[in-house]
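The next block is run-v7.txt, given as compact mmCIF, C-alpha atoms.
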```txt
# COMPACT_ATOMS: atom_id res chain seq x y z
CA MET I 18 -58.95 -29.53 81.99
CA LYS I 19 -57.54 -30.75 78.67
CA ARG I 20 -58.35 -28.82 75.50
CA SER I 21 -59.63 -30.70 72.48
CA HIS I 22 -57.99 -30.53 69.07
CA VAL I 23 -60.86 -28.42 67.76
CA GLN I 24 -60.28 -25.77 70.41
CA THR I 25 -56.55 -25.83 69.66
CA PHE I 26 -56.86 -25.31 65.90
CA LEU I 27 -60.02 -23.18 65.86
CA PRO I 28 -58.32 -19.74 66.01
CA GLY I 29 -56.10 -20.56 63.03
CA LEU I 30 -58.97 -22.05 61.06
CA LEU I 31 -61.19 -19.07 61.85
CA SER I 32 -58.42 -16.71 60.75
CA LEU I 33 -58.11 -18.65 57.49
CA ALA I 34 -61.88 -18.54 56.99
CA PHE I 35 -61.85 -14.80 57.60
CA ASN I 36 -58.89 -14.04 55.29
CA LEU I 37 -59.35 -16.59 52.49
CA PRO I 38 -62.18 -14.67 50.78
CA LEU I 39 -59.94 -11.59 50.76
CA ALA I 40 -57.17 -13.61 49.15
CA LEU I 41 -59.47 -15.07 46.51
CA ALA I 42 -60.85 -11.62 45.73
CA GLY I 43 -57.31 -10.31 45.12
CA VAL I 44 -57.44 -7.60 47.78
CA HIS I 45 -53.68 -7.97 48.26
CA ARG I 46 -53.13 -6.32 44.86
CA GLY I 47 -54.20 -2.98 46.33
CA ALA I 48 -51.70 -3.02 49.21
CA TYR I 49 -48.80 -0.59 48.78
CA ASP I 50 -46.05 -3.11 49.53
CA THR I 51 -47.27 -6.26 47.77
CA TYR I 52 -45.40 -5.84 44.53
CA VAL I 53 -42.16 -4.92 46.30
CA HIS I 54 -42.27 -8.27 48.09
CA ILE I 55 -43.13 -10.08 44.86
CA PHE I 56 -40.27 -8.32 43.07
CA PHE I 57 -37.78 -9.26 45.80
CA ALA I 58 -39.05 -12.85 45.71
CA ASP I 59 -38.40 -12.84 41.98
CA HIS I 60 -34.89 -11.58 42.71
CA TYR I 61 -34.22 -14.52 45.05
CA ARG I 62 -35.74 -16.86 42.51
CA LEU I 63 -33.30 -15.67 39.83
CA ASN I 64 -30.18 -14.85 41.91
CA TRP I 65 -30.37 -16.46 45.33
CA PHE I 66 -26.92 -15.38 46.59
CA GLU I 67 -26.80 -11.88 45.05
CA GLY I 68 -27.34 -9.16 47.66
CA ARG I 69 -28.13 -6.40 45.19
CA GLU I 70 -30.93 -6.08 42.69
CA PHE I 71 -29.67 -4.26 39.61
CA ARG I 72 -33.12 -3.98 38.01
CA TRP I 73 -34.14 -1.46 40.66
CA TYR I 74 -32.37 1.83 41.39
CA THR I 75 -29.26 0.54 39.60
CA GLY I 76 -28.27 -1.73 42.47
CA PHE I 77 -30.69 -1.69 45.42
CA SER I 78 -29.71 -3.85 48.39
CA VAL I 79 -32.40 -6.50 48.81
CA THR I 80 -31.24 -7.24 52.33
CA SER I 81 -32.61 -3.87 53.45
CA TYR I 82 -35.91 -5.74 53.74
CA PRO I 83 -35.85 -8.88 55.91
CA PRO I 84 -35.01 -11.58 53.34
CA LEU I 85 -36.61 -14.67 54.91
CA VAL I 86 -40.13 -13.87 53.74
CA HIS I 87 -38.92 -13.18 50.22
CA GLN I 88 -36.92 -16.39 50.19
CA VAL I 89 -39.95 -18.39 51.37
CA ILE I 90 -42.06 -16.82 48.63
CA ALA I 91 -39.34 -17.62 46.08
CA LEU I 92 -39.16 -21.25 47.24
CA LEU I 93 -42.93 -21.60 47.02
CA SER I 94 -43.04 -19.93 43.63
CA TRP I 95 -41.23 -22.74 41.80
CA PRO I 96 -43.86 -25.45 42.31
CA LEU I 97 -46.71 -22.93 42.27
CA SER I 98 -45.54 -21.55 38.91
CA ALA I 99 -45.67 -25.05 37.44
CA VAL I 100 -49.17 -25.63 38.78
CA SER I 101 -50.29 -22.18 37.60
CA ALA I 102 -48.87 -22.75 34.11
CA TRP I 103 -50.72 -26.03 33.94
CA LEU I 104 -54.04 -24.49 35.05
CA THR I 105 -54.03 -21.16 33.18
CA PRO I 106 -54.66 -20.71 29.47
CA PRO I 107 -51.77 -19.71 27.19
CA ALA I 108 -50.74 -16.07 27.57
CA SER I 109 -52.00 -13.72 24.89
CA LEU I 110 -49.10 -11.37 25.61
CA PRO I 111 -45.51 -12.54 26.23
CA GLY I 112 -44.64 -12.39 29.92
CA LEU I 113 -48.24 -11.91 31.02
CA TYR I 114 -47.98 -14.56 33.75
CA ARG I 115 -44.35 -13.88 34.68
CA TYR I 116 -44.98 -13.19 38.36
CA ARG I 117 -47.96 -15.55 38.78
CA GLY I 118 -46.03 -18.08 40.89
CA GLU I 119 -44.56 -15.34 43.07
CA GLU I 120 -47.98 -13.78 43.60
CA ILE I 121 -49.52 -17.10 44.60
CA GLY I 122 -46.53 -17.74 46.89
CA TYR I 123 -47.07 -14.30 48.43
CA VAL I 124 -50.73 -15.07 49.13
CA VAL I 125 -49.94 -18.53 50.58
CA THR I 126 -47.26 -17.02 52.83
CA LEU I 127 -49.59 -14.20 53.90
CA LEU I 128 -52.36 -16.66 54.75
CA ALA I 129 -49.93 -18.79 56.76
CA VAL I 130 -48.76 -15.75 58.72
CA LEU I 131 -52.32 -14.57 59.34
CA ALA I 132 -53.33 -18.07 60.49
CA ALA I 133 -50.38 -18.20 62.93
CA PHE I 134 -50.96 -14.66 64.22
CA PRO I 135 -53.59 -15.51 66.90
CA TYR I 136 -51.25 -18.13 68.37
CA ALA I 137 -48.38 -15.64 68.46
CA VAL I 138 -50.54 -13.04 70.19
CA ARG I 139 -51.72 -15.61 72.72
CA GLY I 140 -48.15 -16.71 73.45
CA PHE I 141 -46.92 -13.13 73.80
CA ALA I 142 -49.88 -12.15 75.98
CA ARG I 143 -49.18 -15.05 78.35
CA ILE I 144 -45.98 -13.25 79.36
CA PHE I 145 -48.02 -10.38 80.80
CA VAL I 146 -51.44 -11.80 81.73
CA GLY I 147 -53.00 -15.08 82.72
CA PRO I 148 -54.00 -17.87 80.37
CA ARG I 149 -57.66 -16.86 80.11
CA ALA I 150 -56.91 -13.26 79.14
CA ALA I 151 -54.20 -14.44 76.75
CA ARG I 152 -56.71 -16.75 75.05
CA TRP I 153 -59.09 -13.78 74.64
CA ALA I 154 -56.27 -11.72 73.17
CA GLY I 155 -55.59 -14.47 70.63
CA TRP I 156 -59.26 -14.62 69.68
CA LEU I 157 -59.49 -10.85 69.30
CA ALA I 158 -56.34 -10.80 67.17
CA ILE I 159 -58.20 -12.64 64.42
CA PHE I 160 -60.32 -9.58 63.73
CA CYS I 161 -57.69 -6.92 64.52
CA PRO I 162 -58.15 -4.19 61.89
CA ALA I 163 -54.49 -3.17 61.90
CA ILE I 164 -53.40 -6.64 60.82
CA GLY I 165 -56.01 -6.69 58.06
CA LEU I 166 -54.87 -3.31 56.80
CA ALA I 167 -51.21 -4.27 56.90
CA GLY I 168 -51.72 -7.62 55.22
CA TRP I 169 -54.33 -6.60 52.71
```

Show me, as structure tokens, the structure contained in the file I just sent.
Amino acid sequence: MKRSHVQTFLPGLLSLAFNLPLALAGVHRGAYDTYVHIFFADHYRLNWFEGREFRWYTGFSVTSYPPLVHQVIALLSWPLSAVSAWLTPPASLPGLYRYRGEEIGYVVTLLAVLAAFPYAVRGFARIFVGPRAARWAGWLAIFCPAIGLAGW
């Protein structure tokens, strides 16, 4: 039996529908690790090939965290900063919107990861169980509280 496109994309869309209100409410600002990732993305935005960040602990190695996520956020932050500067009013304080593009890039990356998570769980579960149980595992992964706590 062939699956329709709606059935294929429904877990990702449902995950987006579940997590998008959290992103719009700014729940990510309360997570303990959010600003570390935004800071490292700002590092890659300013000095892509430098392995140490001298603004933190007088030379912290940024490669101690996996750099791909921070590099993706940094790449997204360039166009998102331009869009954000165009949409937001002028800053009343200098540097008020300095990390706005990185924060929006962080949220976009987090939403993409959370939308792909049910598919990853389903693919990993297929190694151990049959296709029907793996599909259930993917559906249940949308509402997994540990992922919500880690992401938000």

Which distance in Å separates atom CA of Ala158 of chain I and atom CA of Phe145 of chain I, to one decimal? 16.0 Å

Give as a PyMOL selection string every residue, naming chains and numbers as the document does, that has an atom within 12 Å of (-53.0, -14.8, 57.8), counting all atoms listed in the file. chain I and resi 28-40+45+123-137+158-161+164-169

Padded axis-aligned box of segment 73-78 of chain I (8 Å per side), centre and edge lengths, Å, one decimal, as lines of an AutoDock Vina configuration file:
```
center_x = -31.2
center_y = -1.0
center_z = 44.0
size_x = 21.9
size_y = 21.7
size_z = 24.8
```

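Of the listed residues I:Val146, I:Leu63, I:Ala48, I:Leu41, the one whose atoms come nearest to Ser94 of chain I is I:Leu63, with distances taken using all atoms listed in the file.
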
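Once His54 of chain I and its same-chain neighbours fewer than 6 positions away are set aside, Tyr82, Val86, His87, Ile90, Glu119 and Tyr123 of chain I remain within 9 Å of it when counting all atoms listed in the file.
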
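The spacing separating atom CA of Leu27 of chain I from atom CA of Val138 of chain I amounts to 14.5 Å.
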
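Counting from atom CA of Gly118 of chain I, the distance to atom CA of Gly76 of chain I is 24.2 Å.
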
For a quick check of your reading of the model, name the residues lying within 10 Å of the coordinate (-35.7, -9.5, 43.4), counting all atoms listed in the file, and write them as a PyMOL selection string. chain I and resi 53-65+67-73+77-79+87-88+91

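Closest approach to Arg46 of chain I among I:Ala151, I:Leu93, I:Leu157, I:Ile121: I:Ile121, based on only C-alpha atoms.
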